[in-house]
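Shown next: protein32.txt, given as compact mmCIF, C-alpha atoms and all ligand atoms.
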# COMPACT_ATOMS: atom_id res chain seq x y z
CA MET A 167 -14.84 -12.57 14.96
CA LYS A 168 -11.84 -14.23 13.33
CA VAL A 169 -10.16 -11.97 10.74
CA LEU A 170 -7.55 -13.19 8.28
CA ILE A 171 -5.25 -10.36 7.22
CA THR A 172 -2.97 -11.24 4.31
CA GLY A 173 0.22 -9.31 3.67
CA GLY A 174 0.19 -8.21 7.29
CA ALA A 175 3.98 -7.88 7.50
CA GLY A 176 4.15 -5.31 4.69
CA PHE A 177 3.68 -1.57 5.06
CA ILE A 178 -0.09 -0.96 5.06
CA GLY A 179 -0.93 -4.51 6.16
CA SER A 180 1.26 -4.32 9.26
CA ASN A 181 -0.19 -0.97 10.23
CA PHE A 182 -3.65 -2.53 9.93
CA VAL A 183 -2.63 -5.62 11.96
CA ASN A 184 -1.27 -3.38 14.75
CA TYR A 185 -4.44 -1.27 14.64
CA MET A 186 -6.85 -4.24 14.72
CA VAL A 187 -5.06 -6.31 17.38
CA LYS A 188 -5.05 -3.33 19.75
CA LYS A 189 -8.51 -2.00 18.95
CA TYR A 190 -10.36 -5.33 19.05
CA PRO A 191 -8.96 -7.54 21.84
CA ASN A 192 -11.95 -9.85 21.40
CA TYR A 193 -11.24 -10.54 17.75
CA GLN A 194 -8.74 -13.17 16.65
CA ILE A 195 -6.35 -11.77 14.09
CA ILE A 196 -4.42 -14.13 11.82
CA ASN A 197 -1.61 -12.55 9.80
CA LEU A 198 -0.66 -14.55 6.69
CA ASP A 199 2.45 -13.19 4.99
CA ALA A 200 5.03 -14.71 2.63
CA LEU A 201 7.82 -12.49 4.01
CA THR A 202 9.12 -11.46 0.62
CA TYR A 203 11.72 -8.67 0.47
CA ALA A 204 9.12 -6.13 1.65
CA GLY A 205 7.66 -8.19 4.50
CA ASN A 206 9.23 -7.72 7.91
CA LEU A 207 8.17 -9.20 11.24
CA GLU A 208 9.72 -6.17 12.98
CA ASN A 209 6.68 -4.26 11.67
CA VAL A 210 4.35 -6.28 13.93
CA LYS A 211 6.65 -6.64 16.92
CA GLU A 212 4.39 -4.42 19.01
CA VAL A 213 1.61 -7.05 18.91
CA GLU A 214 3.51 -10.32 18.47
CA ASN A 215 2.82 -11.51 22.03
CA GLU A 216 -0.82 -10.47 22.19
CA PRO A 217 -3.16 -13.41 22.84
CA ASN A 218 -5.51 -12.41 20.00
CA TYR A 219 -2.72 -12.44 17.37
CA ARG A 220 -1.15 -15.24 15.33
CA PHE A 221 1.38 -15.16 12.49
CA VAL A 222 1.46 -17.74 9.68
CA LYS A 223 4.24 -17.64 7.11
CA GLY A 224 2.94 -18.44 3.65
CA ASP A 225 2.02 -17.32 0.20
CA ILE A 226 -1.56 -16.54 -0.85
CA THR A 227 -1.00 -18.57 -4.02
CA ASN A 228 -0.58 -21.69 -1.85
CA ARG A 229 -4.11 -23.10 -2.12
CA GLU A 230 -3.58 -25.90 0.37
CA LEU A 231 -2.29 -23.57 3.06
CA VAL A 232 -4.96 -20.94 2.41
CA GLU A 233 -7.74 -23.55 2.56
CA SER A 234 -6.38 -24.98 5.81
CA LEU A 235 -6.68 -21.52 7.41
CA PHE A 236 -10.21 -20.95 6.12
CA ALA A 237 -11.19 -24.42 7.38
CA GLU A 238 -10.54 -23.10 10.91
CA GLY A 239 -13.56 -20.82 10.48
CA VAL A 240 -12.52 -17.39 9.19
CA ASP A 241 -15.27 -14.74 9.36
CA ALA A 242 -13.59 -12.00 7.36
CA VAL A 243 -10.61 -11.59 5.04
CA VAL A 244 -8.72 -8.39 4.31
CA ASN A 245 -6.34 -8.92 1.40
CA PHE A 246 -3.30 -6.63 1.49
CA ALA A 247 -0.90 -9.24 0.08
CA ALA A 248 0.49 -7.81 -3.14
CA GLU A 249 3.57 -6.85 -5.05
CA SER A 250 3.22 -3.07 -4.90
CA HIS A 251 6.20 -1.28 -6.41
CA VAL A 252 5.55 0.22 -9.84
CA ASP A 253 9.24 0.37 -10.81
CA ARG A 254 9.71 -3.33 -10.07
CA SER A 255 6.61 -4.18 -12.14
CA ILE A 256 8.17 -2.43 -15.13
CA THR A 257 11.24 -4.68 -15.04
CA ASP A 258 9.55 -7.90 -13.86
CA PRO A 259 5.76 -8.07 -14.40
CA GLY A 260 5.37 -11.86 -13.96
CA VAL A 261 5.44 -11.96 -10.17
CA PHE A 262 2.80 -9.19 -10.09
CA VAL A 263 0.38 -11.30 -12.13
CA ARG A 264 1.08 -14.35 -9.97
CA THR A 265 0.68 -12.78 -6.54
CA ASN A 266 -1.81 -10.03 -7.26
CA ILE A 267 -4.17 -11.87 -9.62
CA GLN A 268 -3.66 -15.60 -9.04
CA GLY A 269 -3.24 -15.09 -5.29
CA THR A 270 -6.50 -13.14 -5.15
CA GLN A 271 -8.27 -15.93 -6.99
CA VAL A 272 -7.04 -18.51 -4.46
CA LEU A 273 -8.38 -16.34 -1.62
CA LEU A 274 -11.70 -15.78 -3.38
CA ASP A 275 -12.15 -19.51 -3.99
CA ALA A 276 -11.48 -20.29 -0.35
CA ALA A 277 -13.75 -17.45 0.83
CA LYS A 278 -16.52 -18.87 -1.34
CA LYS A 279 -15.94 -22.48 -0.31
CA TYR A 280 -15.93 -21.72 3.41
CA GLY A 281 -18.64 -19.02 3.30
CA VAL A 282 -16.85 -15.99 4.80
CA LYS A 283 -19.06 -13.09 5.86
CA LYS A 284 -16.82 -10.41 4.36
CA TYR A 285 -14.00 -10.29 1.80
CA ILE A 286 -12.19 -6.97 1.44
CA GLN A 287 -9.82 -6.38 -1.45
CA ILE A 288 -7.30 -3.63 -0.77
CA SER A 289 -6.81 -2.02 -4.14
CA THR A 290 -5.40 1.28 -5.33
CA ASP A 291 -6.37 4.48 -7.12
CA GLU A 292 -3.82 3.52 -9.80
CA VAL A 293 -6.39 1.21 -11.41
CA TYR A 294 -8.10 4.36 -12.75
CA GLY A 295 -5.01 5.42 -14.68
CA THR A 296 -3.92 9.04 -14.77
CA LEU A 297 -5.58 12.47 -14.61
CA GLY A 298 -4.81 15.77 -16.31
CA GLU A 299 -4.66 18.98 -14.32
CA THR A 300 -8.28 18.80 -13.19
CA GLY A 301 -10.83 16.19 -12.14
CA TYR A 302 -10.98 13.37 -9.59
CA PHE A 303 -11.29 9.59 -9.59
CA THR A 304 -14.72 8.44 -8.39
CA GLU A 305 -15.87 4.86 -7.90
CA THR A 306 -17.43 4.93 -11.38
CA THR A 307 -14.36 6.20 -13.23
CA PRO A 308 -13.49 3.56 -15.88
CA LEU A 309 -10.50 1.36 -15.09
CA ALA A 310 -7.51 2.32 -17.25
CA PRO A 311 -4.35 1.00 -15.59
CA ASN A 312 -1.04 2.08 -17.13
CA SER A 313 1.65 -0.02 -15.41
CA PRO A 314 1.95 -3.80 -15.08
CA TYR A 315 1.43 -3.23 -11.32
CA SER A 316 -1.83 -1.32 -11.73
CA ALA A 317 -3.00 -3.71 -14.45
CA SER A 318 -2.52 -6.63 -12.06
CA LYS A 319 -4.46 -4.81 -9.34
CA ALA A 320 -7.25 -3.98 -11.80
CA GLY A 321 -7.37 -7.62 -12.89
CA ALA A 322 -7.76 -8.68 -9.26
CA ASP A 323 -10.52 -6.10 -8.72
CA LEU A 324 -12.44 -7.50 -11.67
CA LEU A 325 -12.21 -11.01 -10.24
CA VAL A 326 -13.50 -9.77 -6.89
CA ARG A 327 -16.38 -8.03 -8.62
CA ALA A 328 -17.17 -11.18 -10.62
CA TYR A 329 -17.24 -13.39 -7.50
CA HIS A 330 -19.81 -11.01 -6.05
CA GLU A 331 -21.95 -10.95 -9.19
CA THR A 332 -21.68 -14.67 -9.92
CA TYR A 333 -21.55 -16.29 -6.48
CA GLU A 334 -22.89 -13.46 -4.29
CA LEU A 335 -19.66 -13.42 -2.31
CA PRO A 336 -19.96 -10.54 0.24
CA VAL A 337 -17.12 -8.36 -1.01
CA ASN A 338 -15.85 -4.81 -0.88
CA ILE A 339 -13.06 -3.21 -2.85
CA THR A 340 -11.22 -0.21 -1.40
CA ARG A 341 -9.13 2.06 -3.62
CA CYS A 342 -6.83 4.33 -1.71
CA SER A 343 -4.42 7.01 -2.81
CA ASN A 344 -0.70 7.04 -1.87
CA ASN A 345 -0.06 6.14 1.78
CA TYR A 346 2.82 7.24 3.98
CA GLY A 347 3.75 6.59 7.61
CA PRO A 348 5.73 4.17 9.80
CA TYR A 349 7.14 0.92 8.35
CA HIS A 350 7.03 2.24 4.77
CA PHE A 351 9.60 0.29 2.76
CA PRO A 352 12.46 2.58 1.62
CA GLU A 353 12.03 1.93 -2.11
CA LYS A 354 8.99 4.27 -2.08
CA LEU A 355 9.24 8.05 -2.53
CA ILE A 356 8.77 9.41 1.00
CA PRO A 357 10.89 6.95 3.03
CA LEU A 358 13.57 6.90 0.31
CA MET A 359 13.87 10.68 0.37
CA ILE A 360 13.92 10.84 4.19
CA ILE A 361 16.64 8.20 4.43
CA ASN A 362 18.77 9.59 1.59
CA ALA A 363 18.53 13.06 3.12
CA LEU A 364 19.57 11.71 6.52
CA ASN A 365 22.54 10.01 4.85
CA ASP A 366 23.40 13.13 2.78
CA GLN A 367 22.84 11.10 -0.40
CA PRO A 368 21.28 12.49 -3.63
CA LEU A 369 17.47 12.51 -3.80
CA PRO A 370 16.54 11.06 -7.22
CA VAL A 371 13.45 12.89 -8.54
CA TYR A 372 11.94 11.37 -11.68
CA GLY A 373 11.33 13.56 -14.75
CA ASP A 374 10.38 17.18 -13.96
CA GLY A 375 9.19 16.37 -10.41
CA LEU A 376 5.75 17.78 -11.21
CA ASN A 377 3.81 14.51 -11.04
CA VAL A 378 1.07 14.80 -8.45
CA ARG A 379 0.14 12.26 -5.79
CA ASP A 380 -2.71 12.51 -3.25
CA TRP A 381 -1.21 11.55 0.13
CA LEU A 382 -2.94 9.85 3.06
CA HIS A 383 -1.44 8.87 6.41
CA VAL A 384 -1.61 5.09 6.79
CA GLU A 385 -3.53 5.35 10.10
CA ASP A 386 -6.30 7.18 8.27
CA HIS A 387 -6.34 4.40 5.70
CA CYS A 388 -6.67 1.84 8.54
CA SER A 389 -9.65 3.63 10.08
CA ALA A 390 -11.34 3.67 6.67
CA ILE A 391 -10.87 -0.08 6.18
CA ASP A 392 -12.18 -0.69 9.71
CA LEU A 393 -15.40 1.11 8.72
CA VAL A 394 -15.71 -0.85 5.49
CA LEU A 395 -15.18 -4.11 7.37
CA HIS A 396 -18.01 -3.36 9.78
CA LYS A 397 -20.38 -1.24 7.74
CA GLY A 398 -19.50 -1.57 4.03
CA ARG A 399 -22.42 -2.49 1.79
CA ASN A 400 -21.68 -5.77 0.02
CA GLY A 401 -20.57 -5.44 -3.58
CA GLU A 402 -19.53 -1.79 -3.20
CA VAL A 403 -16.28 -0.06 -4.08
CA TYR A 404 -15.05 2.68 -1.71
CA ASN A 405 -12.44 5.26 -2.73
CA ILE A 406 -10.23 6.52 0.10
CA GLY A 407 -8.15 9.69 -0.04
CA GLY A 408 -7.37 12.76 2.02
CA ASN A 409 -7.37 15.59 -0.54
CA ASN A 410 -3.66 16.18 -0.08
CA GLU A 411 -2.42 16.67 -3.61
CA ARG A 412 1.24 17.55 -3.80
CA THR A 413 3.81 17.52 -6.60
CA ASN A 414 6.74 15.21 -5.89
CA ILE A 415 9.13 18.14 -5.77
CA GLU A 416 6.97 19.84 -3.10
CA VAL A 417 7.11 16.67 -0.99
CA VAL A 418 10.87 16.34 -1.39
CA LYS A 419 11.48 20.00 -0.51
CA ALA A 420 9.25 19.71 2.58
CA ILE A 421 11.33 16.74 3.78
CA LEU A 422 14.60 18.62 3.24
CA ARG A 423 13.25 21.70 5.07
CA TYR A 424 12.17 19.65 8.08
CA LEU A 425 15.53 17.89 8.26
CA ASN A 426 17.43 21.12 7.65
CA LYS A 427 19.21 19.65 4.64
CA PRO A 428 20.16 21.56 1.44
CA GLU A 429 18.07 21.46 -1.74
CA SER A 430 21.31 20.80 -3.61
CA LEU A 431 20.78 17.12 -2.69
CA ILE A 432 17.90 17.00 -5.21
CA THR A 433 18.97 15.26 -8.43
CA PHE A 434 16.61 15.06 -11.40
CA VAL A 435 16.92 11.65 -13.08
CA GLU A 436 15.42 9.83 -16.05
CA ASP A 437 11.63 9.53 -15.85
CA ARG A 438 9.72 6.33 -15.01
CA LEU A 439 8.31 4.61 -18.12
CA GLY A 440 4.57 5.27 -18.49
CA HIS A 441 4.72 7.58 -15.46
CA ASP A 442 1.18 8.55 -14.37
CA ARG A 443 0.95 12.34 -14.15
CA ARG A 444 -1.65 12.95 -11.50
CA TYR A 445 -3.81 10.98 -9.05
CA ALA A 446 -6.62 12.61 -7.07
CA ILE A 447 -9.35 10.81 -5.19
CA ASP A 448 -12.94 11.83 -4.63
CA ALA A 449 -13.73 10.17 -1.29
CA THR A 450 -17.25 11.60 -0.91
CA LYS A 451 -18.88 8.16 -0.86
CA ILE A 452 -17.00 6.76 2.16
CA ARG A 453 -17.23 10.10 3.98
CA LYS A 454 -21.00 10.40 3.51
CA GLU A 455 -22.04 6.76 3.64
CA LEU A 456 -19.74 5.45 6.38
CA GLY A 457 -18.85 8.71 8.17
CA TRP A 458 -15.10 8.39 7.57
CA LYS A 459 -12.86 11.38 8.30
CA PRO A 460 -9.07 11.49 8.17
CA LYS A 461 -7.27 12.63 11.32
CA TYR A 462 -4.00 14.00 9.90
CA THR A 463 -3.20 17.00 7.75
CA PHE A 464 -0.36 16.20 5.36
CA GLU A 465 2.01 18.58 7.17
CA GLU A 466 1.38 16.98 10.60
CA GLY A 467 1.50 13.46 9.21
CA LEU A 468 4.73 14.08 7.29
CA LYS A 469 6.49 15.52 10.35
CA LYS A 470 5.34 12.60 12.49
CA THR A 471 6.61 10.20 9.83
CA ILE A 472 10.01 11.89 9.56
CA ASP A 473 10.29 11.73 13.36
CA TRP A 474 9.50 8.01 13.21
CA TYR A 475 12.38 7.44 10.75
CA LEU A 476 14.68 9.49 13.00
CA GLU A 477 13.69 7.39 16.02
CA ASN A 478 13.81 4.02 14.23
CA ARG A 479 17.16 4.15 12.52
CA SER A 480 17.94 0.48 13.18
CA TRP A 481 14.70 -0.56 11.42
CA TRP A 482 15.77 0.97 8.11
CA GLU A 483 19.49 0.41 8.54
CA ASN A 484 18.76 -3.33 8.76
CA ILE A 485 16.78 -3.13 5.52
CA LEU A 486 19.49 -1.14 3.73
CA SER A 487 22.14 -3.69 4.67
CA GLY A 488 20.01 -6.75 3.78
CA GLU A 489 18.79 -8.20 0.47
CA TYR A 490 17.37 -4.80 -0.58
CA LYS A 491 20.92 -3.40 -0.83
CA GLU A 492 21.54 -4.94 -4.23
CA TYR A 493 18.30 -3.58 -5.74
CA TYR A 494 18.98 -0.12 -4.30
CA GLU A 495 22.52 -0.01 -5.65
CA ARG A 496 21.48 -1.21 -9.11
CA GLN A 497 18.37 0.98 -9.37
CA TYR A 498 19.92 4.20 -8.11
CA GLY A 499 23.42 3.50 -9.39
CA GLN A 500 21.89 3.47 -12.88
CA LYS A 501 19.57 6.40 -12.32
CA LEU A 502 22.26 8.56 -10.79
CA GLY A 503 24.75 7.62 -13.51
CA ARG A 504 27.11 5.73 -11.22
CA LEU A 505 26.84 2.42 -13.11
C1 LIG A 601 10.77 5.84 -5.87
C2 LIG A 601 10.69 7.18 -6.52
C3 LIG A 601 9.49 7.72 -6.92
N1 LIG A 601 9.43 8.94 -7.54
C4 LIG A 601 8.11 9.46 -7.96
C5 LIG A 601 7.26 8.53 -8.78
C6 LIG A 601 5.85 8.90 -8.36
O1 LIG A 601 5.39 9.99 -9.14
C7 LIG A 601 5.99 9.36 -6.91
C8 LIG A 601 5.63 8.28 -5.90
O2 LIG A 601 6.31 7.10 -6.27
P1 LIG A 601 6.17 5.72 -5.47
O3 LIG A 601 6.92 4.68 -6.19
O4 LIG A 601 6.51 5.98 -4.05
O5 LIG A 601 4.59 5.48 -5.50
P2 LIG A 601 3.53 5.34 -6.72
O6 LIG A 601 4.17 4.92 -7.97
O7 LIG A 601 2.73 6.60 -6.75
O8 LIG A 601 2.65 4.12 -6.16
C9 LIG A 601 2.31 4.01 -4.77
O9 LIG A 601 1.00 4.45 -4.51
C10 LIG A 601 -0.02 3.76 -5.19
C11 LIG A 601 -1.35 4.34 -4.82
C12 LIG A 601 0.09 2.29 -5.13
O10 LIG A 601 -0.87 1.57 -5.26
C13 LIG A 601 1.46 1.69 -5.10
O11 LIG A 601 1.48 0.39 -4.59
C14 LIG A 601 2.42 2.56 -4.34
O12 LIG A 601 3.74 2.09 -4.54
O13 LIG A 601 7.36 9.70 -6.76
C15 LIG A 601 10.58 9.72 -7.74
O14 LIG A 601 10.51 10.83 -8.27
N2 LIG A 601 11.77 9.18 -7.34
C16 LIG A 601 11.90 7.96 -6.76
O15 LIG A 601 13.02 7.54 -6.44
Spit out the file's structure as structure tokens when you get a sec.
Amino acid sequence: MKVLITGGAGFIGSNFVNYMVKKYPNYQIINLDALTYAGNLENVKEVENEPNYRFVKGDITNRELVESLFAEGVDAVVNFAAESHVDRSITDPGVFVRTNIQGTQVLLDAAKKYGVKKYIQISTDEVYGTLGETGYFTETTPLAPNSPYSASKAGADLLVRAYHETYELPVNITRCSNNYGPYHFPEKLIPLMIINALNDQPLPVYGDGLNVRDWLHVEDHCSAIDLVLHKGRNGEVYNIGGNNERTNIEVVKAILRYLNKPESLITFVEDRLGHDRRYAIDATKIRKELGWKPKYTFEEGLKKTIDWYLENRSWWENILSGEYKEYYERQYGQKLGRL
């Protein structure tokens, strides 16, 4: 089987590339990634010399390039390539529409033209919008995205659905809750807080810190996608989540405790615009239908992740001193009142 993984140098994509290359030595894995600010070939260093792995630099909106890869005979596509940071989508929505929607359409067209056996769209629970204090997102919850990011992901999901209904393209959509783990780019909550704590810098918590996210270790996400790739019923959506609801302030305090750093580093800052209050996934369908079960509790997974950031200082120090530096200084300089 030849599997095209797009966005395989980003956080979740690279974890999936590493997982697939090692687990399936008989499969050929092609990693197509544009290497934007969040893509990093260091993330796939552990497999770069494996005979069943190949990297191609390129953008999923490049139709000619995408078609040339499909023309080699791709059996399955797993589309991780996306702009993913909500805060960036609030200041600059255009690139989210281009990559997340137009890029998906290019992939769908090529998948249709070359008759792939499976197209998997990696989506997000954010397409369902926000919850109050109770309730869960199921696969039939109406789409109600609130940020330009989630709207672009919802738009892509609708295209994927339409290509199944109209052209019978063999698709699945997966919608996962918040991931954490190795290679997580430091603009996101958990790696940002770990790194700031290690550097004795303030930890900027948005609003009252009581927004709730449902956390899943990225390896558990990878095992779920593996099951969908091999056993998912065509046309179906699968929600993925580990029932680990935590408020942001609980997560931040847990990180500080583990690192033995003072809570005085916590700094409450201006809230995110349109900030979703609570996400919580009902993953009954994938558990019952495909037999998926997460391996990590949140406490174990978080400790393992913090240890990874302690052991891989040079990975994130390189990022902090590169092109991300300017964004970080502007974003947090403003939030923390330094600019
Ligand atoms: C960066 C940052 C975040 N936050 C808050 C905002 C959220 O309530 C929570 C997590 O934020 P983050 O930006 O890490 O993730 P989400 O906005 O939940 O979205 C993430 O999970 C979904 C499923 C995706 O689909 C997104 O691609 C992914 O980025 O922490 C802070 O309080 N301070 C900060 O500095």
Next item on the list: Kindly indicate which residue among A:Val252, A:Ala363, A:Ala310, A:Ile267 lies nearest to ligand LIG 601 (chain A), using only C-alpha atoms and all ligand atoms for the distances.
Entry: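 Under the stated criterion, the closest residue is A:Val252.
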Note to self: Could you list, as a PyMOL selection string, every residue within 7 Å of region 244-247 of chain A, counting only C-alpha atoms and ignoring same-chain residues fewer than 3 positions away?
What the structure shows: chain A and resi 170-174+179+285-288
Prev. selection, C-alpha atoms, output as a PDB file, in the coordinates of the input:
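So part_26.pdb came out as:
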ATOM      1  CA  LEU A 170      -7.550 -13.190   8.280  1.00  0.00           C
ATOM      2  CA  ILE A 171      -5.250 -10.360   7.220  1.00  0.00           C
ATOM      3  CA  THR A 172      -2.970 -11.240   4.310  1.00  0.00           C
ATOM      4  CA  GLY A 173       0.220  -9.310   3.670  1.00  0.00           C
ATOM      5  CA  GLY A 174       0.190  -8.210   7.290  1.00  0.00           C
ATOM      6  CA  GLY A 179      -0.930  -4.510   6.160  1.00  0.00           C
ATOM      7  CA  TYR A 285     -14.000 -10.290   1.800  1.00  0.00           C
ATOM      8  CA  ILE A 286     -12.190  -6.970   1.440  1.00  0.00           C
ATOM      9  CA  GLN A 287      -9.820  -6.380  -1.450  1.00  0.00           C
ATOM     10  CA  ILE A 288      -7.300  -3.630  -0.770  1.00  0.00           C
TER      11      ILE A 288
END
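From CA of Thr340 (chain A) back to CA of Trp458 (chain A), the distance works out to 13.0 Å.
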Item checked: Contact residues around region 190-204 of chain A with all atoms listed in the file at 8 Å, ignoring same-chain residues under 5 positions, as a ChimeraX atom specification -> /A:167-177,183,218-226,247,351,489-490
Check: Is there a way to get, as number ranges by chain, all residues within 9 Å of the point (20.9, 16.5, 6.4) in file coordinates, counting all atoms listed in the file?
Finding: A: 362-367, 422, 425-428
Check: Of the residues A:Glu495, A:Glu436, A:Glu416, A:Glu402, which is the one nearest to Lys451 (chain A), using all atoms listed in the file?
Finding: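 Among A:Glu495, A:Glu436, A:Glu416, A:Glu402, it is A:Glu402 that comes nearest to Lys451 (chain A).
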Item checked: Atomic separation - CA of Pro357 (chain A) relative to CA of Glu465 (chain A), Å -> 15.2 Å
Next item on the list: Find the distance between CA of Pro311 (chain A) and CA of His441 (chain A) and write it in Å to one decimal.
Entry: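 Atom-to-atom, CA of Pro311 (chain A) and CA of His441 (chain A) are spaced 11.2 Å apart.
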Checklist line | Pick from A:Arg496, A:Lys469, A:Lys397, A:Lys501, whichever lies nearest to Tyr346 (chain A) using all atoms listed in the file | finding: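 Checking each of A:Arg496, A:Lys469, A:Lys397, A:Lys501 against Tyr346 (chain A), counting all atoms listed in the file, the winner is A:Lys469.
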Next item on the list: Taking all atoms listed in the file into account, report as a list of chain:residue names which residues have an atom no farther than 7 Å from an atom of ligand LIG 601 (chain A).
Entry: A:Ser250, A:His251, A:Val252, A:Asp253, A:Thr290, A:Asp291, A:Glu292, A:Cys342, A:Ser343, A:Asn344, A:Asn345, A:Glu353, A:Lys354, A:Leu355, A:Ile356, A:Leu358, A:Pro370, A:Val371, A:Tyr372, A:Gly375, A:Asn377, A:Val378, A:Arg379, A:Asn414, A:His441, A:Asp442
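Near Gly260 (chain A), within 12 Å and counting only C-alpha atoms, sit Glu249, Arg254, Ser255, Thr265, Asn266, Ile267, Gln268, Pro314, Tyr315, Ala317 and Ser318 of chain A; same-chain residues fewer than 5 positions away were not included.
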Next item on the list: Do a neighbour search on Lys459 (chain A) at 10 Å with only C-alpha atoms, toss out local chain neighbours closer than 6 positions, and write the hits as JSON, numbers by chain.
Entry: {"A": [386, 387, 389, 390, 406, 407, 408, 449, 452, 453]}
Item checked: Minimum-distance residue to Gly298 (chain A), chosen among A:Arg444, A:Glu385, A:Leu324, A:Lys419 (using all atoms listed in the file) -> A:Arg444
Next item on the list: Identify which of the residues A:Ile415, A:Ala320, A:Leu431, A:Leu476 lies closest to Gly295 (chain A), counting all atoms listed in the file when measuring atom-to-atom distances.
Entry: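 So, comparing all the options, the nearest one is A:Ala320.
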Margin query: Could you check the closest approach to Asp323 (chain A) for each of A:Leu274, A:Val418, A:Val210, A:Ile339 and tell me which residue wins, using all atoms listed in the file?
Written below: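 Among the listed residues, A:Ile339 lies closest to Asp323 (chain A).
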Per-axis box centre and lengths in Å around region 440-451 of chain A, 5 Å margin per side, axis-aligned, as lines of an AutoDock Vina configuration file:
center_x = -7.1
center_y = 9.1
center_z = -9.7
size_x = 33.6
size_y = 17.7
size_z = 27.6
